[in-house]
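Below is one structure; the comments refer to it alone.
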Amino acid sequence: IDKKEIVNVLKEFNRVLKKDGVVYASVYEGEGEKDIVKPEYGDEKRHMYLYKQIEMEQYFMDAGFKIIKSEVNSTEEGKNWLEVFARKE
């Protein structure tokens, strides 16, 4: 999701969730943008936006969520995933 649109997307998640509903997001951790080509995606280019943990947490809070848990996990391939669990207040 384009960084210009992320807060509006999260606000829509917040709108449709029941009170105390939980949302989970997993995104590439880092800075900037990059294109990824993988066989499992049919070798088609996918444009990815990377997010820093503090940045993504702020987007969730700006959309009206309370952060339950936020962490960065590394894969065996050395890629970092940022995972966020947040609750609608």
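Chain identifiers are assigned as A, B, and so on, following the order in which chains appear in the structure tokens; residues are numbered from 1 within each chain, and ligands are numbered from 1 in order of appearance.
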
Helix (DSSP H, G or I) per DSSP on the backbone: members of chain A, as a list in words: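 The residues of chain A classed as helix (DSSP H, G or I) are Ile6, Val7, Asn8, Val9, Leu10, Lys11, Glu12, Phe13, Asn14, Arg15, Val16, Pro39, Glu40, Tyr41, Gln53, Ile54, Glu55, Met56, Glu57, Gln58, Tyr59, Phe60, Met61 and Asp62 of chain A.
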
Would you mind listing, for every residue of stretch 27-68 of chain A within 9 Å of stretch 13-22 of chain A, the two atoms forming the shortest contact and the distance between them in Å to one decimal, using only C-alpha atoms, sorted by chain and ascending residue number, as JSON lines?
```
{"residue": "A:Ala63", "atom": "CA", "partner": "A:Asn14", "partner_atom": "CA", "distance": 7.0}
{"residue": "A:Gly64", "atom": "CA", "partner": "A:Asn14", "partner_atom": "CA", "distance": 7.0}
{"residue": "A:Phe65", "atom": "CA", "partner": "A:Asn14", "partner_atom": "CA", "distance": 7.3}
{"residue": "A:Ile68", "atom": "CA", "partner": "A:Val22", "partner_atom": "CA", "distance": 8.8}
```

Between atom CA of A:Ala25 and atom CA of A:Asp43 - distance in Å to one decimal: 24.2 Å

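We find atom CA of A:Phe60 and atom CA of A:Asn8 to be spaced 10.1 Å apart.
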
Residue among A:Ile1, A:Val9, A:Ile36, A:Ala86 lying closest to A:Glu57, counting only C-alpha atoms: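 Distance minimum relative to A:Glu57 lands on A:Ala86.
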
Residue with smallest distance to A:Lys52 - pool A:Ile6, A:Lys88, A:Lys11, A:Val72, counting only C-alpha atoms: A:Val72

Atomic separation - atom CA of A:Val37 relative to atom CA of A:Lys79, Å: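 About the pair atom CA of A:Lys79 and atom CA of A:Val37: they are 14.3 Å apart.
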
A:Val27 environment, 10 Å, only C-alpha atoms, sequence neighbours closer than 4 positions dropped, as a PyMOL selection string: chain A and resi 1+48-53+56+72+80-84

Output all heavy atoms for every residue in that selection, as a CSV table (one decimal), in the first residue's frame.
```
chain,number,residue,atom,x,y,z
A,1,ILE,N,0.9,-1.2,0.0
A,1,ILE,CA,0.0,0.0,0.0
A,1,ILE,C,0.9,1.2,0.0
A,1,ILE,O,1.8,1.3,0.8
A,1,ILE,CB,-0.9,0.0,1.2
A,1,ILE,CG1,-1.8,-1.2,1.2
A,1,ILE,CG2,-1.7,1.3,1.3
A,1,ILE,CD1,-2.6,-1.4,2.4
A,48,MET,N,6.9,-2.9,-3.8
A,48,MET,CA,6.7,-3.0,-2.4
A,48,MET,C,7.2,-1.7,-1.7
A,48,MET,O,8.2,-1.1,-2.1
A,48,MET,CB,7.5,-4.1,-1.8
A,48,MET,CG,7.3,-5.5,-2.5
A,48,MET,SD,5.6,-6.1,-2.3
A,48,MET,CE,5.7,-6.9,-0.7
A,49,TYR,N,6.4,-1.3,-0.7
A,49,TYR,CA,6.8,-0.2,0.2
A,49,TYR,C,7.3,-0.8,1.5
A,49,TYR,O,6.7,-1.7,2.0
A,49,TYR,CB,5.6,0.7,0.4
A,49,TYR,CG,5.1,1.5,-0.8
A,49,TYR,CD1,4.2,0.9,-1.7
A,49,TYR,CD2,5.7,2.7,-1.1
A,49,TYR,CE1,3.8,1.6,-2.8
A,49,TYR,CE2,5.2,3.4,-2.2
A,49,TYR,CZ,4.3,2.8,-3.1
A,49,TYR,OH,3.9,3.5,-4.2
A,50,LEU,N,8.4,-0.3,1.9
A,50,LEU,CA,9.0,-0.8,3.2
A,50,LEU,C,8.7,0.2,4.3
A,50,LEU,O,8.6,1.4,4.1
A,50,LEU,CB,10.6,-0.9,3.0
A,50,LEU,CG,11.0,-2.1,2.2
A,50,LEU,CD1,10.7,-1.9,0.7
A,50,LEU,CD2,12.5,-2.3,2.4
A,51,TYR,N,8.5,-0.3,5.5
A,51,TYR,CA,8.1,0.5,6.6
A,51,TYR,C,9.1,0.3,7.8
A,51,TYR,O,9.4,-0.9,8.1
A,51,TYR,CB,6.7,0.2,7.0
A,51,TYR,CG,5.7,0.5,6.0
A,51,TYR,CD1,5.3,-0.4,5.0
A,51,TYR,CD2,5.1,1.8,6.0
A,51,TYR,CE1,4.4,-0.1,4.1
A,51,TYR,CE2,4.1,2.1,5.0
A,51,TYR,CZ,3.8,1.1,4.1
A,51,TYR,OH,2.9,1.5,3.1
A,52,LYS,N,9.3,1.3,8.5
A,52,LYS,CA,10.1,1.2,9.8
A,52,LYS,C,9.0,1.0,10.9
A,52,LYS,O,7.9,1.4,10.8
A,52,LYS,CB,10.9,2.5,10.1
A,52,LYS,CG,11.9,2.8,9.1
A,52,LYS,CD,13.0,1.7,9.0
A,52,LYS,CE,13.9,1.7,10.1
A,52,LYS,NZ,14.9,0.6,10.0
A,53,GLN,N,9.4,0.3,12.0
A,53,GLN,CA,8.5,-0.1,13.0
A,53,GLN,C,7.8,1.1,13.6
A,53,GLN,O,6.6,1.2,13.8
A,53,GLN,CB,9.2,-0.9,14.1
A,53,GLN,CG,8.3,-1.5,15.2
A,53,GLN,CD,9.1,-2.4,16.1
A,53,GLN,OE1,10.3,-2.5,16.1
A,53,GLN,NE2,8.3,-3.1,16.9
A,56,MET,N,5.2,2.6,11.2
A,56,MET,CA,4.0,1.8,11.0
A,56,MET,C,3.1,1.9,12.3
A,56,MET,O,1.9,2.0,12.2
A,56,MET,CB,4.3,0.4,10.7
A,56,MET,CG,3.1,-0.4,10.3
A,56,MET,SD,2.3,0.3,8.8
A,56,MET,CE,2.2,-1.1,7.8
A,72,VAL,N,9.8,-7.0,14.7
A,72,VAL,CA,10.4,-7.3,13.5
A,72,VAL,C,11.0,-8.7,13.6
A,72,VAL,O,11.7,-9.0,14.5
A,72,VAL,CB,11.6,-6.3,13.2
A,72,VAL,CG1,12.3,-6.6,11.9
A,72,VAL,CG2,11.0,-4.9,13.1
A,80,ASN,N,13.6,-9.0,6.5
A,80,ASN,CA,12.9,-8.6,7.8
A,80,ASN,C,11.5,-8.3,7.5
A,80,ASN,O,11.1,-7.5,6.6
A,80,ASN,CB,13.6,-7.3,8.4
A,80,ASN,CG,15.0,-7.6,8.9
A,80,ASN,OD1,15.3,-8.8,9.3
A,80,ASN,ND2,15.8,-6.7,8.9
A,81,TRP,N,10.6,-8.9,8.3
A,81,TRP,CA,9.2,-8.6,8.3
A,81,TRP,C,8.8,-7.9,9.5
A,81,TRP,O,9.1,-8.2,10.6
A,81,TRP,CB,8.4,-9.9,8.2
A,81,TRP,CG,8.5,-10.5,6.8
A,81,TRP,CD1,9.3,-11.5,6.4
A,81,TRP,CD2,7.6,-10.3,5.7
A,81,TRP,NE1,9.1,-11.8,5.1
A,81,TRP,CE2,8.1,-11.1,4.7
A,81,TRP,CE3,6.6,-9.4,5.5
A,81,TRP,CZ2,7.5,-11.1,3.4
A,81,TRP,CZ3,6.0,-9.4,4.2
A,81,TRP,CH2,6.4,-10.2,3.2
A,82,LEU,N,8.0,-6.8,9.4
A,82,LEU,CA,7.4,-6.1,10.5
A,82,LEU,C,6.0,-6.6,10.6
A,82,LEU,O,5.2,-6.6,9.7
A,82,LEU,CB,7.4,-4.6,10.2
A,82,LEU,CG,6.6,-3.7,11.1
A,82,LEU,CD1,7.1,-3.8,12.5
A,82,LEU,CD2,6.7,-2.3,10.6
A,83,GLU,N,5.7,-7.1,11.8
A,83,GLU,CA,4.4,-7.6,12.1
A,83,GLU,C,3.7,-6.7,13.2
A,83,GLU,O,4.3,-6.4,14.2
A,83,GLU,CB,4.4,-9.0,12.6
A,83,GLU,CG,5.0,-9.9,11.5
A,83,GLU,CD,5.1,-11.4,12.0
A,83,GLU,OE1,5.9,-11.7,12.9
A,83,GLU,OE2,4.3,-12.2,11.5
A,84,VAL,N,2.5,-6.3,13.0
A,84,VAL,CA,1.8,-5.4,13.9
A,84,VAL,C,0.4,-6.0,14.2
A,84,VAL,O,-0.3,-6.4,13.3
A,84,VAL,CB,1.6,-4.0,13.3
A,84,VAL,CG1,0.8,-3.1,14.3
A,84,VAL,CG2,2.9,-3.4,13.0
```
